[in-house]
Amino acid sequence: MTGQWKRLAKRAAIGAGLEASWLLASAGLMRAARGRGVVFTLHHVRPHVPQAFEPNAHLEITPRFLDTALQRLTREGYRFVPLDAVPALLAEPEDGRPFAAFTLDDGYLNNLEHALPVFERHRAPFTVFVTKGFAEASHSIWWETLAVLLRQMREIRFDFGRGMERLALDSPRQQWDAFDRFAAYIHRSDEAYAVTAIDTLARETGIEPTDIVRDLAMRPDELQWLARRPLAALGAHTISHRALARLPEAEARIEMQVSADYVEALTGIRPATIAYPYGTPDAATGREARISGKLGFAVAVTTQPGLPAAGRTAYLPRISLNGFYQKRRYVSALASGIPLKLMGR
């Protein structure tokens with residue numbers, strides 16, 4: 001089975017699981033799966049512009065869907081809370097009122113332009129996790145660079161470690177296969193070296209990766225303006241957005257501490273929250289949880305699916321609002337916790 005068919009099969013299986021979860025929740029079954037509350041992960045919030053090749057579509061939801069999600073959760077009795085309030089809420093006795101906290105990774109400008117008005121309309125607090133290198137445009141966003149590069153070129157040449165290879169890019173399938181090759185290369189190599197190699201390739205074709213970052217990410221003054229909004233908070237998200245678990249411990253600590261220093265310099269407030277880049281089990285481990293605790297973070301979040309529980313706030317799971325599943329009933333399904341039970345979590 002090709003990578004493209006595997007992606008489609010996985011997406012169909014997840015969609016079927018969400019449909020089943022919604023039906024069970026609508027019937028009032030498996031109510032205990034809901035837990036105390038939910039922490040949602042978002043990235044881009046912006047109107048969708050369809051393209052034939054969209055490798056980052058899962059990281060994007062529309063403002064309309066965000067509004068729908070907040071409406072749905074309000075109707076189902078959820079109270080909207082800031083992320084840094086979650087540990088105290090988990091420590092309190094159960095009162096029957098579930099909570100929802102919203103987080104947005106990477107600090108994209110559309111969070112200010114499109115997400116902020118929706119959150120304010122619903123009086124919902126939210127946390128934006130800031131990557132210093134993106135805000136300062138000193139680091140590229142490799143997955144965004146690749147999306148532009150692979151859409152524009154008919155072929156490229158690149159050395160993945162076994163000599164120069166030619167990759168044809170005449171179809172979306174070939175573009176997807178190339179994206180998968182690059183993603184695997186990033187995650188199995190020295191990440192800084194691999195990203196530099198991709199940036200060099202992009203520049204050779206006339207694409208400047210830092211221009212992409214400047215177009216997409218909030219700048220320091222915009223982050224400062226956002227932080228002054230009553231419902232908004234900024235959290236740390238490292239300097240370079242590299243997988244912390246693959247770095248030496250001292251370097252991982254620096255990434256986390258300097259990121260917090262940067263947010264504090266922007267806002268005058270030391271951030272109580274941090275998001276581990278990528279947030280997967282191989283990118284963030286118990287070591288990173290220990291470091292976050294020593295650095296004074298009250299909450300550290302992963303991207304691993306799950307519901308928050310007391311005692312796990314240094315390695316907190318989240319539920320993704322994913323661009324592939326923008327249906328009203330899926331919000332109810334996700335918040336219900338039933339998909340997690342069906343997955344055996």
# chains A, B, ... in the order shown; residues from 1 in each chain; ligands from 1
call {"tool": "select_by_dssp", "arguments": {"residues": "segment 96-328 of chain A", "states": "strand (DSSP E)", "output": "JSON, numbers by chain"}}
result
{"A": [99, 100, 101, 102, 103, 104, 105, 106, 126, 127, 128, 129, 130, 155, 156, 157, 158, 159, 164, 165, 166, 167, 168, 232, 233, 234, 235, 236, 273, 274, 275, 299, 300, 301, 319, 320]}
call {"tool": "residues_around", "arguments": {"residues": "segment 172-181 of chain A", "least_positions_apart": "6", "cutoff": "8 Å", "atoms": "only C-alpha atoms", "output": "number ranges by chain"}}
result
A: 3-4, 52-53, 55, 146-147, 150-151
call {"tool": "residues_around", "arguments": {"residues": "Ala333 of chain A", "least_positions_apart": "4", "cutoff": "10 Å", "atoms": "only C-alpha atoms", "output": "mmCIF file with C-alpha atoms, in the first residue's frame"}}
result
data_model
loop_
_atom_site.group_PDB
_atom_site.id
_atom_site.type_symbol
_atom_site.label_atom_id
_atom_site.label_comp_id
_atom_site.auth_asym_id
_atom_site.auth_seq_id
_atom_site.Cartn_x
_atom_site.Cartn_y
_atom_site.Cartn_z
ATOM 1 C CA GLY A 17 -14.418 6.125 14.825
ATOM 2 C CA LEU A 18 -15.663 9.679 15.311
ATOM 3 C CA GLU A 19 -19.028 8.796 13.761
ATOM 4 C CA ALA A 20 -19.375 5.807 16.071
ATOM 5 C CA SER A 21 -18.343 7.893 19.080
ATOM 6 C CA TRP A 22 -20.906 10.557 18.249
ATOM 7 C CA LEU A 23 -23.672 7.961 17.983
ATOM 8 C CA LEU A 24 -22.709 6.468 21.347
ATOM 9 C CA ALA A 25 -22.528 9.900 22.985
ATOM 10 C CA SER A 26 -25.881 10.914 21.474
ATOM 11 C CA ARG A 34 -15.799 12.166 29.315
ATOM 12 C CA ARG A 328 -20.109 19.807 14.377
ATOM 13 C CA ARG A 329 -20.835 16.311 15.659
ATOM 14 C CA GLY A 337 -13.665 10.866 25.484
ATOM 15 C CA ILE A 338 -15.278 7.904 23.725
ATOM 16 C CA PRO A 339 -12.759 7.826 20.825
ATOM 17 C CA LEU A 340 -10.003 7.370 23.403
#
call {"tool": "select_by_dssp", "arguments": {"residues": "segment 112-335 of chain A", "states": "helix (DSSP H, G or I)", "output": "ChimeraX atom specification"}}
result
/A:112-121,132-135,142-152,172-188,191-204,209-216,220-227,244-246,249-267,286-294,328-335
call {"tool": "residues_around", "arguments": {"residues": "Thr280 of chain A", "least_positions_apart": "2", "cutoff": "8 Å", "atoms": "only C-alpha atoms", "output": "number ranges by chain"}}
result
A: 278, 282-284, 302-304
call {"tool": "residues_around", "arguments": {"residues": "Thr127 of chain A", "least_positions_apart": "4", "cutoff": "10 Å", "atoms": "only C-alpha atoms", "output": "list in words"}}
result
Thr41, Pro82, Leu83, Asp84, Ala101, Phe102, Thr103, Leu104, Asp105, Gly107, Ala227, Leu231, Ala232, Ala233, Leu234, Gly235, Ala236, Thr273 and Ile274 of chain A
call {"tool": "write_last_selection", "arguments": {"atoms": "N, CA and C atoms", "output": "compact mmCIF listing (two decimals), in the first residue's frame"}}
result
# COMPACT_ATOMS: atom_id res chain seq x y z
N THR A 41 -5.91 21.17 21.02
CA THR A 41 -4.76 21.67 20.26
C THR A 41 -5.24 22.25 18.93
N PRO A 82 -8.70 29.06 31.29
CA PRO A 82 -7.32 29.18 30.82
C PRO A 82 -6.54 27.91 31.14
N LEU A 83 -5.53 27.64 30.34
CA LEU A 83 -4.76 26.41 30.52
C LEU A 83 -4.10 26.35 31.89
N ASP A 84 -3.59 27.46 32.38
CA ASP A 84 -2.88 27.41 33.66
C ASP A 84 -3.80 27.17 34.85
N ALA A 101 -10.15 23.84 27.67
CA ALA A 101 -9.08 24.82 27.51
C ALA A 101 -8.58 24.74 26.07
N PHE A 102 -8.21 25.89 25.51
CA PHE A 102 -7.79 25.95 24.11
C PHE A 102 -6.34 26.42 24.01
N THR A 103 -5.58 25.71 23.18
CA THR A 103 -4.18 26.05 22.97
C THR A 103 -3.89 26.09 21.47
N LEU A 104 -3.00 26.99 21.08
CA LEU A 104 -2.63 27.14 19.68
C LEU A 104 -1.11 27.16 19.59
N ASP A 105 -0.54 26.22 18.83
CA ASP A 105 0.91 26.08 18.76
C ASP A 105 1.52 26.91 17.64
N GLY A 107 2.41 30.16 17.17
CA GLY A 107 2.31 31.62 17.12
C GLY A 107 2.00 32.19 15.75
N ALA A 227 -1.00 39.61 23.83
CA ALA A 227 -0.90 39.28 25.25
C ALA A 227 -1.65 40.26 26.13
N LEU A 231 -8.33 37.70 27.39
CA LEU A 231 -8.52 36.25 27.29
C LEU A 231 -7.28 35.51 26.80
N ALA A 232 -6.27 36.23 26.34
CA ALA A 232 -5.11 35.61 25.71
C ALA A 232 -3.96 35.45 26.71
N ALA A 233 -3.22 34.37 26.56
CA ALA A 233 -1.98 34.15 27.30
C ALA A 233 -0.95 33.58 26.34
N LEU A 234 0.31 33.85 26.61
CA LEU A 234 1.40 33.29 25.82
C LEU A 234 2.13 32.23 26.63
N GLY A 235 2.46 31.13 25.97
CA GLY A 235 3.25 30.08 26.59
C GLY A 235 4.52 29.86 25.80
N ALA A 236 5.44 29.10 26.37
CA ALA A 236 6.73 28.82 25.74
C ALA A 236 6.61 27.64 24.77
N THR A 273 3.21 27.97 31.27
CA THR A 273 2.90 26.84 30.41
C THR A 273 3.92 26.70 29.29
N ILE A 274 4.11 25.47 28.85
CA ILE A 274 5.00 25.18 27.72
C ILE A 274 4.40 24.04 26.92
call {"tool": "atom_distance", "arguments": {"atom1": "atom CA of Ser240 of chain A", "atom2": "atom CA of Val118 of chain A"}}
result
29.0 Å
call {"tool": "residues_around", "arguments": {"residues": "Ser138 of chain A", "least_positions_apart": "6", "cutoff": "10 Å", "atoms": "only C-alpha atoms", "output": "count of residues only"}}
result
7
call {"tool": "closest_residue", "arguments": {"among": "A:Val86, A:Tyr330, A:Arg246, A:Gly344", "to": "Arg287 of chain A", "atoms": "only C-alpha atoms"}}
result
A:Arg246
call {"tool": "residues_around", "arguments": {"residues": "Asp261 of chain A", "least_positions_apart": "3", "cutoff": "9 Å", "atoms": "only C-alpha atoms", "output": "PyMOL selection string"}}
result
chain A and resi 236+256-258+264-266+270-271
call {"tool": "write_last_selection", "arguments": {"atoms": "C-alpha atoms", "output": "tab-separated table (two decimals), in the first residue's frame"}}
result
chain	number	residue	atom	x	y	z
A	236	ALA	CA	6.73	28.82	25.74
A	256	MET	CA	12.88	25.57	27.17
A	257	GLN	CA	14.35	28.18	29.50
A	258	VAL	CA	15.25	30.73	26.83
A	264	GLU	CA	8.65	37.10	29.84
A	265	ALA	CA	10.66	39.80	28.07
A	266	LEU	CA	7.73	40.42	25.70
A	270	ARG	CA	6.81	34.55	33.28
A	271	PRO	CA	4.86	31.91	31.32
